[in-house]
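Q: Have a look at this one.
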Amino acid sequence: MNPNMFNFDVMGGGSGGAAALLALLAMLGIVIAIVAVVGIASTVVLIILINKKRKQNKEEDATKAAAAATGAQQTPPAGA
Amino acid sequence: MTIRSRATKAAALYFVLHLLNEVVCYFMLYRIFEDPVFITMVALIYNCIAFVPQFFWGALRDLFAKFRPGIFSVPLLLSGFLIFFLGGAKGPLFWTSLVLLSIGNALIHVAGAEHTIRTSGGALTPVAVFVSGGSFGVILGQVLASTNMSFWWIALLCALMLPLVFIGEALYKDNPKESDDCSDFNYVIPGRKAIVVILAVFFIVAVRALIGNEIPLAWKTTLTQSVLLYVFMGIGKALGGVLTDKIGMRRTAFISIIGALPFLILGNKLMVVSLIGIMFFSMTTAVTIGMAVSVMKIAPGAAFGVTTIALFVGATISWFTGGGSFLTNVIIIVITSAICFLTSMYIIKPEREVA
């Protein structure tokens with residue numbers, strides 16, 4: 001897509017140019033709205049993901065700690 | 001299946017999927033025959049919906065492993081494509097077709113990024129190869145659109161993407177956890193705050209997208225030369241991943257940011273010199289993806305989305321700037337390249353410290 005297609009000279013002055021400018025501003029508004037919605041929605045999803053990961057890590061640490069404690073209990077002391 | 005074997009297959013598969021995706025999209029976009037103002041609006045909306053929400057779709061996939069964006073992407077692409085060609089060239093149907101196409105585009109990108117990153121075991125070649133497919137697809141789509149080719153052939157290509165997506169899902173199944181959690185992505189100096197790295201990545205990608213349009217290309221006057229431009233961009237994107245895995249990210253960043261400069265500046269009227277510069281310049285893609293994933297290991301899809309938002313921002317800003325003299329453009333390219341290089345050196349772990 002040619003990024004230099006936008007040419008105000010083509011539109012000329014008068015109401016045609018004003019209508020095109022208005023349409024472009026509307027498009028920019030849509031873009032800003034999309035960026036805002038994506039930003040908010042993504043932030044929510046990422047917060048949920050980070051909390052989920054923290055919870056998983058805690059559970060894994062607890063499981064490992066429990067397994068280590070069980071292993072220590074079952075291992076006879078040295079020299080016994 | 002070994003990690004390397006799965007990663008190689010994923011890279012090849014998603015290279016093809018990405019290529020086909022861009023062929024479909026650009027074939028349709030280049031069959032829109034309207035005035036320049038309308039085309040600009042179309043391009044803005046298309047780029048916005050295709051690039052920006054990849055951050056959200058990526059985050060969603062990171063949260064819900066059962067969400068398979070690839071499977072949704074093909075029906076969306078195909079329906080948008082067919083609506084346009086079967087009577088949707090104007091009015092509300094046109095915008096509907098554009099939105100469907102853009103969302104489908106975004107989803108296949110996320111699918112490719114997720115699978116090639118999560119299966120790679122920390123290597124960047126797979127995701128770089130996946131990304132490079134887009135360059136070839138963009139120019140192929142444009143060239144095909146300029147011919148008399150019936151849109152049904154492209155629709156068929158689009159439909160053929162679906163079995164490939166299912167192959168990708170089958171390939172990803174049983175992906176080992178040690179690769180899936182991206183724990184081997186360790187390209188960033190320990191202690192660097194994640195938010196600083198993400199902002200740095202955003203800055204580098206946006207600036208590179210901006211100055212990409214300032215690169216002097218007086219030599220480019222024919223279609224064949226345009227094709228060569230995109231081919232070398234694609235080769236550069238893949239090479240960025242290959243070189244990072246071979247010689248390290250810092251050295252690759254040096255080549256792609258500083259090494260490219262003399263070729264870009266001196267190549268204004270010399271095609272071969274310029275193409276080498278373009279190739280080097282494009283290698284930055286893998287570097288920035290690697291940096292982002294290194295600090296967002298639990299969300300590689302969202303990390304990829306950071307780069308796509310930055311691409312959109314940089315490219316959009318470039319539409320409203322530019323047109324400066326050769327000297328002005330050169331000065332801008334040199335200064336921004338220096339800043340990007342210093343920023344990346346602040347972030348990227350030295351080669352000797354990479355395990």
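Identifiers for the structure tokens are assigned positionally: chains receive A, B, ... in sequence, residues are indexed from 1 per chain, and ligands are indexed from 1 in the order shown.
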Tell me, as number ranges by chain, which residues lie within 9 Å of Ile45 in chain B, counting only C-alpha atoms; anything in the same chain fewer than 4 positions away does not count.
A: A: 27-28, 30-31; B: 40-41, 49-50, 98-99, 102
Q: Given a cut-off of 8 Å, which residues of chain B touch chain A, counting only C-alpha atoms, written out as number ranges by chain?
A: B: 29-30, 36-37, 39-41, 43-45, 48-49, 52-53, 55-56, 59-60, 62-63, 298-299, 318-319
Q: Write a file of the just-selected residues containing N, CA and C atoms, as a short mmCIF file (atom, residue, chain, number, x, y, z; two decimals), in the first residue's frame.
A:
```cif
data_model
loop_
_atom_site.label_atom_id
_atom_site.label_comp_id
_atom_site.auth_asym_id
_atom_site.auth_seq_id
_atom_site.Cartn_x
_atom_site.Cartn_y
_atom_site.Cartn_z
N LEU B 29 -6.78 -5.65 -1.41
CA LEU B 29 -6.55 -4.21 -1.20
C LEU B 29 -6.17 -3.52 -2.51
N TYR B 30 -5.42 -4.24 -3.36
CA TYR B 30 -4.99 -3.62 -4.61
C TYR B 30 -6.01 -3.78 -5.73
N PRO B 36 -7.64 8.72 -3.98
CA PRO B 36 -6.56 8.61 -2.99
C PRO B 36 -7.01 8.81 -1.55
N VAL B 37 -7.98 9.71 -1.34
CA VAL B 37 -8.42 9.96 0.04
C VAL B 37 -9.08 8.70 0.61
N ILE B 39 -8.64 5.62 -0.40
CA ILE B 39 -7.61 4.59 -0.25
C ILE B 39 -6.84 4.81 1.04
N THR B 40 -6.54 6.06 1.35
CA THR B 40 -5.81 6.36 2.59
C THR B 40 -6.61 5.91 3.80
N MET B 41 -7.91 6.21 3.79
CA MET B 41 -8.77 5.80 4.91
C MET B 41 -8.81 4.28 5.02
N ALA B 43 -6.54 2.16 4.04
CA ALA B 43 -5.24 1.69 4.53
C ALA B 43 -5.11 1.90 6.03
N LEU B 44 -5.60 3.05 6.49
CA LEU B 44 -5.51 3.37 7.92
C LEU B 44 -6.33 2.38 8.74
N ILE B 45 -7.55 2.14 8.32
CA ILE B 45 -8.44 1.24 9.05
C ILE B 45 -7.91 -0.19 8.99
N CYS B 48 -4.82 -0.53 11.15
CA CYS B 48 -5.16 -0.42 12.56
C CYS B 48 -5.76 -1.72 13.08
N ILE B 49 -6.72 -2.27 12.37
CA ILE B 49 -7.40 -3.49 12.85
C ILE B 49 -6.49 -4.71 12.71
N VAL B 52 -2.90 -3.43 15.44
CA VAL B 52 -3.02 -3.06 16.86
C VAL B 52 -3.60 -4.17 17.73
N PRO B 53 -4.71 -4.80 17.34
CA PRO B 53 -5.32 -5.79 18.23
C PRO B 53 -4.52 -7.09 18.37
N PHE B 55 -1.96 -7.38 19.89
CA PHE B 55 -1.57 -7.35 21.30
C PHE B 55 -2.64 -8.02 22.15
N PHE B 56 -3.89 -7.69 21.88
CA PHE B 56 -4.99 -8.27 22.63
C PHE B 56 -5.16 -9.76 22.30
N ALA B 59 -2.44 -11.69 23.90
CA ALA B 59 -2.62 -11.82 25.35
C ALA B 59 -3.71 -12.84 25.66
N LEU B 60 -4.76 -12.83 24.83
CA LEU B 60 -5.87 -13.77 25.04
C LEU B 60 -5.40 -15.21 24.85
N ASP B 62 -2.36 -16.20 25.22
CA ASP B 62 -1.44 -16.51 26.32
C ASP B 62 -2.22 -16.93 27.56
N LEU B 63 -3.39 -16.32 27.75
CA LEU B 63 -4.21 -16.64 28.92
C LEU B 63 -4.97 -17.96 28.73
N ILE B 298 5.78 -15.07 30.00
CA ILE B 298 4.48 -15.70 30.18
C ILE B 298 3.48 -15.22 29.12
N ALA B 299 3.85 -14.23 28.34
CA ALA B 299 2.94 -13.69 27.33
C ALA B 299 3.67 -13.39 26.03
N SER B 318 4.62 8.14 9.67
CA SER B 318 5.42 8.41 8.47
C SER B 318 4.56 8.93 7.32
N TRP B 319 3.27 8.61 7.34
CA TRP B 319 2.38 9.12 6.29
C TRP B 319 2.28 10.64 6.34
#
```
Q: Write out as an mmCIF file with C-alpha atoms, in the first residue's frame the residues lying within 7 Å of range 206-218 of chain B, counting only C-alpha atoms and excluding same-chain residues fewer than 6 positions away.
A:
```cif
data_model
loop_
_atom_site.group_PDB
_atom_site.id
_atom_site.type_symbol
_atom_site.label_atom_id
_atom_site.label_comp_id
_atom_site.auth_asym_id
_atom_site.auth_seq_id
_atom_site.Cartn_x
_atom_site.Cartn_y
_atom_site.Cartn_z
ATOM 1 C CA LEU B 264 21.355 2.824 2.900
ATOM 2 C CA ASN B 268 20.271 5.983 -3.109
ATOM 3 C CA LYS B 269 21.024 5.461 -6.783
ATOM 4 C CA ALA B 310 4.771 -0.002 17.341
ATOM 5 C CA LEU B 311 4.939 -0.844 13.627
ATOM 6 C CA VAL B 313 2.375 3.806 15.064
ATOM 7 C CA GLY B 314 5.640 4.349 13.196
ATOM 8 C CA ALA B 315 4.163 3.646 9.783
ATOM 9 C CA ILE B 317 3.271 8.792 11.579
ATOM 10 C CA SER B 318 5.417 8.411 8.473
ATOM 11 C CA GLY B 322 8.639 12.824 5.274
ATOM 12 C CA PHE B 326 17.999 13.674 0.778
ATOM 13 C CA ASN B 329 16.481 12.129 5.528
ATOM 14 C CA ILE B 333 18.297 8.081 9.696
#
```
Q: Which one of B:Leu162, B:Ile348, B:Ile3, B:Val24 sits closest to Ile189 in chain B if you count only C-alpha atoms?
A: B:Ile348
Q: Would you list the contacts of Gly112 in chain B as a JSON list (two decimals) with C-alpha atoms, in the first residue's frame, taking every protein, DNA or RNA residue within 9 Å and counting only C-alpha atoms, but skipping same-chain residues closer than 5 positions in sequence?
A:
```
[["chain", "number", "residue", "atom", "x", "y", "z"],
["B", 10, "ALA", "CA", 6.67, -24.71, 12.49],
["B", 11, "ALA", "CA", 8.90, -22.07, 10.87],
["B", 13, "LEU", "CA", 4.62, -23.96, 7.86],
["B", 14, "TYR", "CA", 3.95, -20.49, 9.21],
["B", 15, "PHE", "CA", 6.24, -18.92, 6.59],
["B", 17, "LEU", "CA", 0.75, -19.37, 5.97],
["B", 18, "HIS", "CA", 1.99, -15.82, 6.46],
["B", 70, "GLY", "CA", -5.30, -19.74, 13.52],
["B", 107, "LEU", "CA", -5.33, -13.78, 14.08],
["B", 117, "ILE", "CA", 8.09, -18.70, 19.56],
["B", 127, "VAL", "CA", 9.83, -16.62, 14.37],
["B", 130, "PHE", "CA", 7.67, -16.84, 9.93],
["B", 131, "VAL", "CA", 7.76, -13.02, 9.84],
["B", 168, "GLY", "CA", 0.15, -26.36, 12.67]]
```
Q: Could you check which of B:Thr244, B:Phe281, B:Ala286, B:Ile258 is closest to Ile335 in chain B, using only C-alpha atoms?
A: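 With only C-alpha atoms as the atom set, the closest residue is B:Ile258.
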Q: In Å, how far is it from CA of Ala260 in chain B to CA of Gly277 in chain B?
A: 4.6 Å
Q: What does the distance between CA of His115 in chain B and CA of Leu171 in chain B come to in Å, to one decimal place?
A: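 Computed distance, CA of His115 in chain B to CA of Leu171 in chain B, equals 9.0 Å.
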Q: Could you pull out the alpha helix (DSSP H) residues of range 24-175 of chain B from DSSP and send them as a ChimeraX atom specification?
A: /B:24-29,36-51,54-63,69-85,91-118,125-145,151-172
Q: Would you list the contacts of range 148-159 of chain B as a list of chain:residue names, taking every protein, DNA or RNA residue within 7 Å and counting only C-alpha atoms, but skipping same-chain residues closer than 6 positions in sequence?
A: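 Close residues of range 148-159 of chain B: B:Leu20, B:Val24, B:Val74, B:Leu78.
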Q: Only N, CA and C atoms, please: the residues just picked out, written as a CSV table (one decimal), in the first residue's frame.
A:
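Resulting contents of again_29.csv:
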```csv
chain,number,residue,atom,x,y,z
B,20,LEU,N,0.7,-16.7,2.3
B,20,LEU,CA,-0.6,-16.8,1.7
B,20,LEU,C,-1.5,-15.8,2.3
B,24,VAL,N,-3.6,-12.9,0.0
B,24,VAL,CA,-5.0,-12.8,0.0
B,24,VAL,C,-5.3,-11.3,0.3
B,74,VAL,N,-8.8,-18.2,9.2
B,74,VAL,CA,-9.1,-18.5,7.8
B,74,VAL,C,-10.5,-18.2,7.4
B,78,LEU,N,-11.4,-15.5,4.5
B,78,LEU,CA,-12.1,-16.0,3.3
B,78,LEU,C,-13.5,-15.2,3.2
```
Q: Find the residues around Lys220 in chain B up to 8 Å (only C-alpha atoms counted), leave out those fewer than 5 positions away in its own chain, and share them as a list in words.
A: Gln225, Ser226 and Met271 of chain B
Q: When you draw a straight line from CA of Gly133 in chain B to CA of Asn105 in chain B, how long is it in Å?
A: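 CA of Asn105 in chain B lies 13.3 Å from CA of Gly133 in chain B.
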Q: Can you list, as a PDB file with N, CA and C atoms, in the first residue's frame, every protein, DNA or RNA residue that comes within 10 Å of range 229-242 of chain B when you count only C-alpha atoms, leaving out same-chain residues fewer than 6 positions away?
A:
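Here's the written file out_15.pdb:
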```pdb
ATOM      1  N   PHE B  15       5.718 -19.755   7.685  1.00  0.00           N
ATOM      2  CA  PHE B  15       6.236 -18.918   6.594  1.00  0.00           C
ATOM      3  C   PHE B  15       5.234 -18.963   5.445  1.00  0.00           C
ATOM      4  N   ALA B 123      15.299 -20.076  20.443  1.00  0.00           N
ATOM      5  CA  ALA B 123      15.928 -19.604  19.200  1.00  0.00           C
ATOM      6  C   ALA B 123      15.019 -18.589  18.512  1.00  0.00           C
ATOM      7  N   LEU B 124      15.631 -17.728  17.722  1.00  0.00           N
ATOM      8  CA  LEU B 124      14.846 -16.701  17.036  1.00  0.00           C
ATOM      9  C   LEU B 124      14.653 -16.986  15.547  1.00  0.00           C
ATOM     10  N   THR B 125      15.371 -17.967  15.023  1.00  0.00           N
ATOM     11  CA  THR B 125      15.231 -18.277  13.591  1.00  0.00           C
ATOM     12  C   THR B 125      13.789 -18.619  13.216  1.00  0.00           C
ATOM     13  N   PRO B 126      13.085 -19.473  13.982  1.00  0.00           N
ATOM     14  CA  PRO B 126      11.718 -19.822  13.565  1.00  0.00           C
ATOM     15  C   PRO B 126      10.780 -18.623  13.440  1.00  0.00           C
ATOM     16  N   VAL B 127      10.758 -17.748  14.448  1.00  0.00           N
ATOM     17  CA  VAL B 127       9.834 -16.618  14.368  1.00  0.00           C
ATOM     18  C   VAL B 127      10.278 -15.645  13.279  1.00  0.00           C
ATOM     19  N   ALA B 128      11.591 -15.525  13.078  1.00  0.00           N
ATOM     20  CA  ALA B 128      12.096 -14.629  12.028  1.00  0.00           C
ATOM     21  C   ALA B 128      11.697 -15.148  10.644  1.00  0.00           C
ATOM     22  N   VAL B 129      11.795 -16.450  10.458  1.00  0.00           N
ATOM     23  CA  VAL B 129      11.393 -17.049   9.166  1.00  0.00           C
ATOM     24  C   VAL B 129       9.897 -16.850   8.965  1.00  0.00           C
ATOM     25  N   PHE B 130       9.120 -17.060  10.024  1.00  0.00           N
ATOM     26  CA  PHE B 130       7.670 -16.839   9.933  1.00  0.00           C
ATOM     27  C   PHE B 130       7.381 -15.407   9.491  1.00  0.00           C
ATOM     28  N   VAL B 131       8.007 -14.437  10.147  1.00  0.00           N
ATOM     29  CA  VAL B 131       7.759 -13.022   9.839  1.00  0.00           C
ATOM     30  C   VAL B 131       8.180 -12.700   8.400  1.00  0.00           C
ATOM     31  N   SER B 132       9.259 -13.305   7.941  1.00  0.00           N
ATOM     32  CA  SER B 132       9.776 -12.979   6.599  1.00  0.00           C
ATOM     33  C   SER B 132       8.793 -13.356   5.509  1.00  0.00           C
ATOM     34  N   GLY B 133       7.952 -14.370   5.769  1.00  0.00           N
ATOM     35  CA  GLY B 133       6.979 -14.782   4.761  1.00  0.00           C
ATOM     36  C   GLY B 133       6.073 -13.644   4.324  1.00  0.00           C
ATOM     37  N   GLY B 134       5.814 -12.724   5.227  1.00  0.00           N
ATOM     38  CA  GLY B 134       4.931 -11.608   4.927  1.00  0.00           C
ATOM     39  C   GLY B 134       5.442 -10.721   3.801  1.00  0.00           C
ATOM     40  N   SER B 135       6.724 -10.459   3.805  1.00  0.00           N
ATOM     41  CA  SER B 135       7.294  -9.581   2.762  1.00  0.00           C
ATOM     42  C   SER B 135       7.069 -10.169   1.377  1.00  0.00           C
ATOM     43  N   PHE B 136       7.299 -11.462   1.253  1.00  0.00           N
ATOM     44  CA  PHE B 136       7.104 -12.107  -0.054  1.00  0.00           C
ATOM     45  C   PHE B 136       5.628 -12.095  -0.438  1.00  0.00           C
ATOM     46  N   GLY B 137       4.760 -12.307   0.555  1.00  0.00           N
ATOM     47  CA  GLY B 137       3.332 -12.331   0.278  1.00  0.00           C
ATOM     48  C   GLY B 137       2.787 -10.971  -0.126  1.00  0.00           C
ATOM     49  N   VAL B 138       3.275  -9.911   0.528  1.00  0.00           N
ATOM     50  CA  VAL B 138       2.799  -8.558   0.222  1.00  0.00           C
ATOM     51  C   VAL B 138       3.043  -8.221  -1.247  1.00  0.00           C
ATOM     52  N   ILE B 139       4.267  -8.439  -1.716  1.00  0.00           N
ATOM     53  CA  ILE B 139       4.578  -8.053  -3.092  1.00  0.00           C
ATOM     54  C   ILE B 139       3.917  -9.003  -4.085  1.00  0.00           C
ATOM     55  N   LEU B 140       3.814 -10.279  -3.718  1.00  0.00           N
ATOM     56  CA  LEU B 140       3.150 -11.230  -4.621  1.00  0.00           C
ATOM     57  C   LEU B 140       1.674 -10.875  -4.769  1.00  0.00           C
ATOM     58  N   LEU B 217      15.486   5.849  -2.056  1.00  0.00           N
ATOM     59  CA  LEU B 217      15.353   4.744  -3.024  1.00  0.00           C
ATOM     60  C   LEU B 217      15.158   5.286  -4.434  1.00  0.00           C
ATOM     61  N   LYS B 220      14.660   2.888  -7.383  1.00  0.00           N
ATOM     62  CA  LYS B 220      13.477   2.027  -7.539  1.00  0.00           C
ATOM     63  C   LYS B 220      12.477   2.676  -8.480  1.00  0.00           C
ATOM     64  N   LEU B 223       8.743  -2.258 -11.656  1.00  0.00           N
ATOM     65  CA  LEU B 223       8.078  -3.273 -10.848  1.00  0.00           C
ATOM     66  C   LEU B 223       9.078  -4.320 -10.377  1.00  0.00           C
ATOM     67  N   GLY B 248      25.001 -14.137  17.929  1.00  0.00           N
ATOM     68  CA  GLY B 248      24.556 -13.373  19.085  1.00  0.00           C
ATOM     69  C   GLY B 248      23.742 -12.148  18.707  1.00  0.00           C
ATOM     70  N   MET B 249      22.937 -11.676  19.660  1.00  0.00           N
ATOM     71  CA  MET B 249      22.010 -10.592  19.366  1.00  0.00           C
ATOM     72  C   MET B 249      22.704  -9.244  19.273  1.00  0.00           C
ATOM     73  N   THR B 252      24.309  -8.910  15.926  1.00  0.00           N
ATOM     74  CA  THR B 252      23.266  -8.778  14.905  1.00  0.00           C
ATOM     75  C   THR B 252      22.669  -7.373  14.945  1.00  0.00           C
ATOM     76  N   ALA B 253      22.454  -6.849  16.149  1.00  0.00           N
ATOM     77  CA  ALA B 253      21.914  -5.495  16.282  1.00  0.00           C
ATOM     78  C   ALA B 253      22.890  -4.481  15.677  1.00  0.00           C
ATOM     79  N   ILE B 255      25.052  -4.977  13.226  1.00  0.00           N
ATOM     80  CA  ILE B 255      24.996  -5.074  11.759  1.00  0.00           C
ATOM     81  C   ILE B 255      23.722  -4.428  11.229  1.00  0.00           C
ATOM     82  N   SER B 256      22.599  -4.736  11.898  1.00  0.00           N
ATOM     83  CA  SER B 256      21.316  -4.287  11.343  1.00  0.00           C
ATOM     84  C   SER B 256      21.088  -2.793  11.531  1.00  0.00           C
ATOM     85  N   MET B 271      21.272   0.270  -6.789  1.00  0.00           N
ATOM     86  CA  MET B 271      20.318  -0.728  -6.325  1.00  0.00           C
ATOM     87  C   MET B 271      20.961  -1.814  -5.466  1.00  0.00           C
ATOM     88  N   SER B 274      21.943  -0.533  -2.068  1.00  0.00           N
ATOM     89  CA  SER B 274      20.745  -0.239  -1.287  1.00  0.00           C
ATOM     90  C   SER B 274      20.063  -1.512  -0.796  1.00  0.00           C
ATOM     91  N   LEU B 275      19.987  -2.512  -1.654  1.00  0.00           N
ATOM     92  CA  LEU B 275      19.329  -3.767  -1.268  1.00  0.00           C
ATOM     93  C   LEU B 275      20.072  -4.440  -0.111  1.00  0.00           C
ATOM     94  N   ILE B 276      21.387  -4.344  -0.111  1.00  0.00           N
ATOM     95  CA  ILE B 276      22.157  -4.900   1.013  1.00  0.00           C
ATOM     96  C   ILE B 276      21.786  -4.139   2.289  1.00  0.00           C
ATOM     97  N   GLY B 277      21.695  -2.816   2.163  1.00  0.00           N
ATOM     98  CA  GLY B 277      21.301  -2.005   3.318  1.00  0.00           C
ATOM     99  C   GLY B 277      19.907  -2.342   3.814  1.00  0.00           C
ATOM    100  N   ILE B 278      18.969  -2.528   2.888  1.00  0.00           N
ATOM    101  CA  ILE B 278      17.592  -2.888   3.240  1.00  0.00           C
ATOM    102  C   ILE B 278      17.587  -4.241   3.954  1.00  0.00           C
ATOM    103  N   MET B 279      18.389  -5.150   3.467  1.00  0.00           N
ATOM    104  CA  MET B 279      18.455  -6.476   4.064  1.00  0.00           C
ATOM    105  C   MET B 279      18.965  -6.376   5.500  1.00  0.00           C
ATOM    106  N   PHE B 280      20.045  -5.637   5.690  1.00  0.00           N
ATOM    107  CA  PHE B 280      20.585  -5.457   7.038  1.00  0.00           C
ATOM    108  C   PHE B 280      19.549  -4.772   7.936  1.00  0.00           C
ATOM    109  N   PHE B 281      18.935  -3.714   7.402  1.00  0.00           N
ATOM    110  CA  PHE B 281      17.959  -2.927   8.156  1.00  0.00           C
ATOM    111  C   PHE B 281      16.834  -3.824   8.675  1.00  0.00           C
ATOM    112  N   SER B 282      16.394  -4.753   7.844  1.00  0.00           N
ATOM    113  CA  SER B 282      15.258  -5.615   8.193  1.00  0.00           C
ATOM    114  C   SER B 282      15.605  -6.638   9.263  1.00  0.00           C
ATOM    115  N   MET B 283      16.900  -6.836   9.496  1.00  0.00           N
ATOM    116  CA  MET B 283      17.311  -7.820  10.491  1.00  0.00           C
ATOM    117  C   MET B 283      16.930  -7.413  11.909  1.00  0.00           C
ATOM    118  N   THR B 284      16.598  -6.160  12.106  1.00  0.00           N
ATOM    119  CA  THR B 284      16.244  -5.687  13.450  1.00  0.00           C
ATOM    120  C   THR B 284      14.990  -6.380  13.986  1.00  0.00           C
ATOM    121  N   THR B 285      14.159  -6.878  13.076  1.00  0.00           N
ATOM    122  CA  THR B 285      12.886  -7.495  13.483  1.00  0.00           C
ATOM    123  C   THR B 285      13.097  -8.567  14.544  1.00  0.00           C
ATOM    124  N   ALA B 286      14.014  -9.483  14.268  1.00  0.00           N
ATOM    125  CA  ALA B 286      14.240 -10.589  15.200  1.00  0.00           C
ATOM    126  C   ALA B 286      14.792 -10.083  16.534  1.00  0.00           C
ATOM    127  N   VAL B 287      15.631  -9.068  16.461  1.00  0.00           N
ATOM    128  CA  VAL B 287      16.248  -8.513  17.670  1.00  0.00           C
ATOM    129  C   VAL B 287      15.176  -7.985  18.613  1.00  0.00           C
ATOM    130  N   ILE B 289      11.915  -8.633  18.642  1.00  0.00           N
ATOM    131  CA  ILE B 289      11.025  -9.697  19.146  1.00  0.00           C
ATOM    132  C   ILE B 289      11.712 -10.442  20.288  1.00  0.00           C
ATOM    133  N   GLY B 290      12.981 -10.746  20.114  1.00  0.00           N
ATOM    134  CA  GLY B 290      13.719 -11.456  21.160  1.00  0.00           C
ATOM    135  C   GLY B 290      13.784 -10.671  22.458  1.00  0.00           C
TER     136      GLY B 290
END
```
